[in-house]
There are 6 protein chains.
Amino acid sequence: MRLSDLFRPTRVVHAHCDLPCGVYDPAQARIEAESVKAIQGMFADASNRKPPNWSDTQSEDDWQARALKIKEERADLVKHHLWVLWTDYFKPELIEKAGTKPDDLHAMVWKATKLAGESKRSQDPAQGQKVLDAIAEIDSVFKASKA
Amino acid sequence: MRLSDLFRPTRVVHAHCDLPCGVYDPAQARIEAESVKAIQGMFADASNRKPPNWSDTQSEDDWQARALKIKEERADLVKHHLWVLWTDYFKPELIEKAGTKPDDLHAMVWKATKLAGESKRSQDPAQGQKVLDAIAEIDSVFKASKA
Amino acid sequence: MRLSDLFRPTRVVHAHCDLPCGVYDPAQARIEAESVKAIQGMFADASNRKPPNWSDTQSEDDWQARALKIKEERADLVKHHLWVLWTDYFKPELIEKAGTKPDDLHAMVWKATKLAGESKRSQDPAQGQKVLDAIAEIDSVFKASKA
Amino acid sequence: MRLSDLFRPTRVVHAHCDLPCGVYDPAQARIEAESVKAIQGMFADASNRKPPNWSDTQSEDDWQARALKIKEERADLVKHHLWVLWTDYFKPELIEKAGTKPDDLHAMVWKATKLAGESKRSQDPAQGQKVLDAIAEIDSVFKASKA
Amino acid sequence: MRLSDLFRPTRVVHAHCDLPCGVYDPAQARIEAESVKAIQGMFADASNRKPPNWSDTQSEDDWQARALKIKEERADLVKHHLWVLWTDYFKPELIEKAGTKPDDLHAMVWKATKLAGESKRSQDPAQGQKVLDAIAEIDSVFKASKA
Amino acid sequence: MRLSDLFRPTRVVHAHCDLPCGVYDPAQARIEAESVKAIQGMFADASNRKPPNWSDTQSEDDWQARALKIKEERADLVKHHLWVLWTDYFKPELIEKAGTKPDDLHAMVWKATKLAGESKRSQDPAQGQKVLDAIAEIDSVFKASKA
């Protein structure tokens, strides 16, 4: 057994490359969505911020401007990873294997990507949790397609 | 319990954003490294390729040119995710908590990123496995820093 | 009347920015798809290439490697522009106004983005024409939503 | 006649890829400039904003920070598309065919790209209209070169 | 002698491309760090700003939002150039030739990239000078490795 | 005197950020052009390649595919840096101070960026030297504008 086996998640992991290389993972979308929610949490409650790197010359406005920009970029990554999963990974036979209808998958992805766009405009972590829930819904179909 | 809790890996997940948002995850590097190894596997044995999307008008040379380009991009992402983890996540106190010395961590990251660069020039999945092993080594320090 | 009015296409043009800025245009996807088809045409018939910039030190293999890389990038842009239109522009009320069902729009976009991915692996301009046709189909819904 | 023919603008469309693929279109620059002007219009008059996606947890400062960032990115795209058109599409013989002198074209592009840079610093849609007018001027030379 | 020889710095210049092409230059990191410090200087003293392009419709808040975003991007480039130099250029034999130990180089790069991350959160040019000093330290090892 | 002063080139260095931050440097274009020429040199003579990282599983075709892709990206960066210098740095008063006419500067930049595009299609380092010479020409005007 290799060292890497000890650290492999219990589910198969994948990533996009459209060769196709056959490696995809909803974790990519989920990880970025967790960042988004974490940043929203920092807006909701300043004590959630990570102070060790707080410079004395940074104002509240400065912190907020940076936070919004970074949240925006993370939200765009959520959208990208979900779109790629939808177009490159999911095929009719895989959706069927998952016991889902294509129309339902399309609706799930449409909803999740719209929620990710909305997270750019929201400073509420409850909204970010909706994005994570939408990703989890897609993740369940993904898992079922691999079973 | 939310639907998203069912699909969360058993370890804490994180991602980079340098706000800092406090969300980091070696999985980001590992996922891309798995793509790299998968592509190397397709060079080593053509039967590893994913035929459903093979077009009749694509030659072997065409497939190889695309595969090399995509492998290059994925390898660059491995390097990026590791660099970010090294500079943005790891702090002296976290490395100490993990029971590791900074010099050892630096050496691990230097080795892993060099191996990722080498994977651009190698079509051998055994080389890609070395990249995964190097990432796993860093992952163990990461986990220990969170314990 | 301004000079810019003389050059405006007869349809409203838009582009993505997810502010939202309200500016979207299927032309962005179409333009890139025309590039893809043009490159495929150069593979199909070398006389379609643009010789004025042909360097004496460039081999046929060199030309092909560059062409594949550039075609790949353009195809990725086609996918991106379509995904953005789907998630950011189309809303239930706009789809209804266009006299289309959401499920049908989803299927159109899924098909078009899959065809764009396929164009990376095809050197046949007839395949590229399918991508353009799929974009045109989405464009008709877009126009109807604006009527 | 294909479906895509019904939706083709009355002028030849092109896009950059420097293969060269022969596909270029000033529409790419114009579309982004329209986004820039639209955003400036939202600064000038808040009623121009698109409320359906307005979250209750977004402040006026938040909206402005996002709008500035997005406007900046769109303005950079305007510059990029114009530079590409200038360097990759226009050749001495094409400029001559358009009945223009190279010096005049250079001056037009220099002016237009500077105006695009200025639009990052201006919240006035009248300034954005200047960018569109400058692009239209280049577009007229482009059209004449194709006649 | 060619015209280009008159303008070549007295040291060998290099840039990253991981082919490897053998061309690297700490100047890439330094140049971006100078931009960062310049922007910090504009926060510290508004008279350091470049007014010719100041639009009448830009508020102080607007200027600051743009400045922070641009400083962030430049700081990210500093980190990138340093990481690349560390992983792609420096090899054990080159470090030894420079009379330095690998552990010391690692520590220098770790410090410099952390300082670059900190410059995103600081509006104080004295902090930016620390980044430049850290880069200079690495540059001295680089020069010694080429001697 | 700080450590960084020992390593500053004898000319003022600058970089683009369009804030404007006032930091620009033709070195950015030159460095990338040196990479391009170095790669062309590796095509012209295989002994110019850097063997320490040559993997046993990389074929000649593989090396060439990577080299072309990397050369393409570097050439695009040359174009970008020159365009930015042209639009963002040079103003009528600076060109006049340099004792040059705007028309002449425009022609220089047009030529240099076209040569950079041509370097994508050429495997001859003599062609790459032309790009460097063109950049040097612009650099002389730049220096004169700062004198």
# chains A, B, ... in the order shown; residues from 1 in each chain; ligands from 1
>>> interface_residues(of="chain E", to="chain A", cutoff="6 Å", atoms="only C-alpha atoms", output="PyMOL selection string")
chain E and resi 121-123
>>> write_last_selection(atoms="N, CA and C atoms", output="CSV table (one decimal), in the first residue's frame")
chain,number,residue,atom,x,y,z
E,121,ARG,N,-2.7,43.2,2.2
E,121,ARG,CA,-3.5,43.8,3.3
E,121,ARG,C,-2.8,45.0,3.9
E,122,SER,N,-1.7,45.5,3.3
E,122,SER,CA,-1.1,46.7,3.9
E,122,SER,C,-1.1,47.8,2.9
E,123,GLN,N,-1.3,49.0,3.4
E,123,GLN,CA,-1.3,50.2,2.6
E,123,GLN,C,-0.1,51.0,2.9
>>> residues_around(residues="segment 130-147 of chain F", least_positions_apart="2", cutoff="10 Å", atoms="only C-alpha atoms", output="PyMOL selection string")
(chain E and resi 2-8) or (chain F and resi 11-12+24-27+29-34+36-37+75+78+82+85-86+89-91+93-100+105-106+108-119+125-128)
>>> closest_residue(among="B:Glu60, B:Glu73, B:Asp88, B:Asp103", to="Asp18 of chain B", atoms="only C-alpha atoms")
B:Asp88
>>> select_by_dssp(residues="segment 71-111 of chain F", states="alpha helix (DSSP H)", output="MDAnalysis selection string")
chainID F and resid 71:84 92:97 102:111
>>> atom_distance(atom1="atom CA of Asp76 of chain B", atom2="atom CA of Cys21 of chain E")
15.9 Å
>>> atom_distance(atom1="atom CA of Ala38 of chain E", atom2="atom CA of Lys79 of chain E")
17.1 Å
>>> atom_distance(atom1="atom CA of Leu77 of chain C", atom2="atom CA of His16 of chain A")
15.4 Å
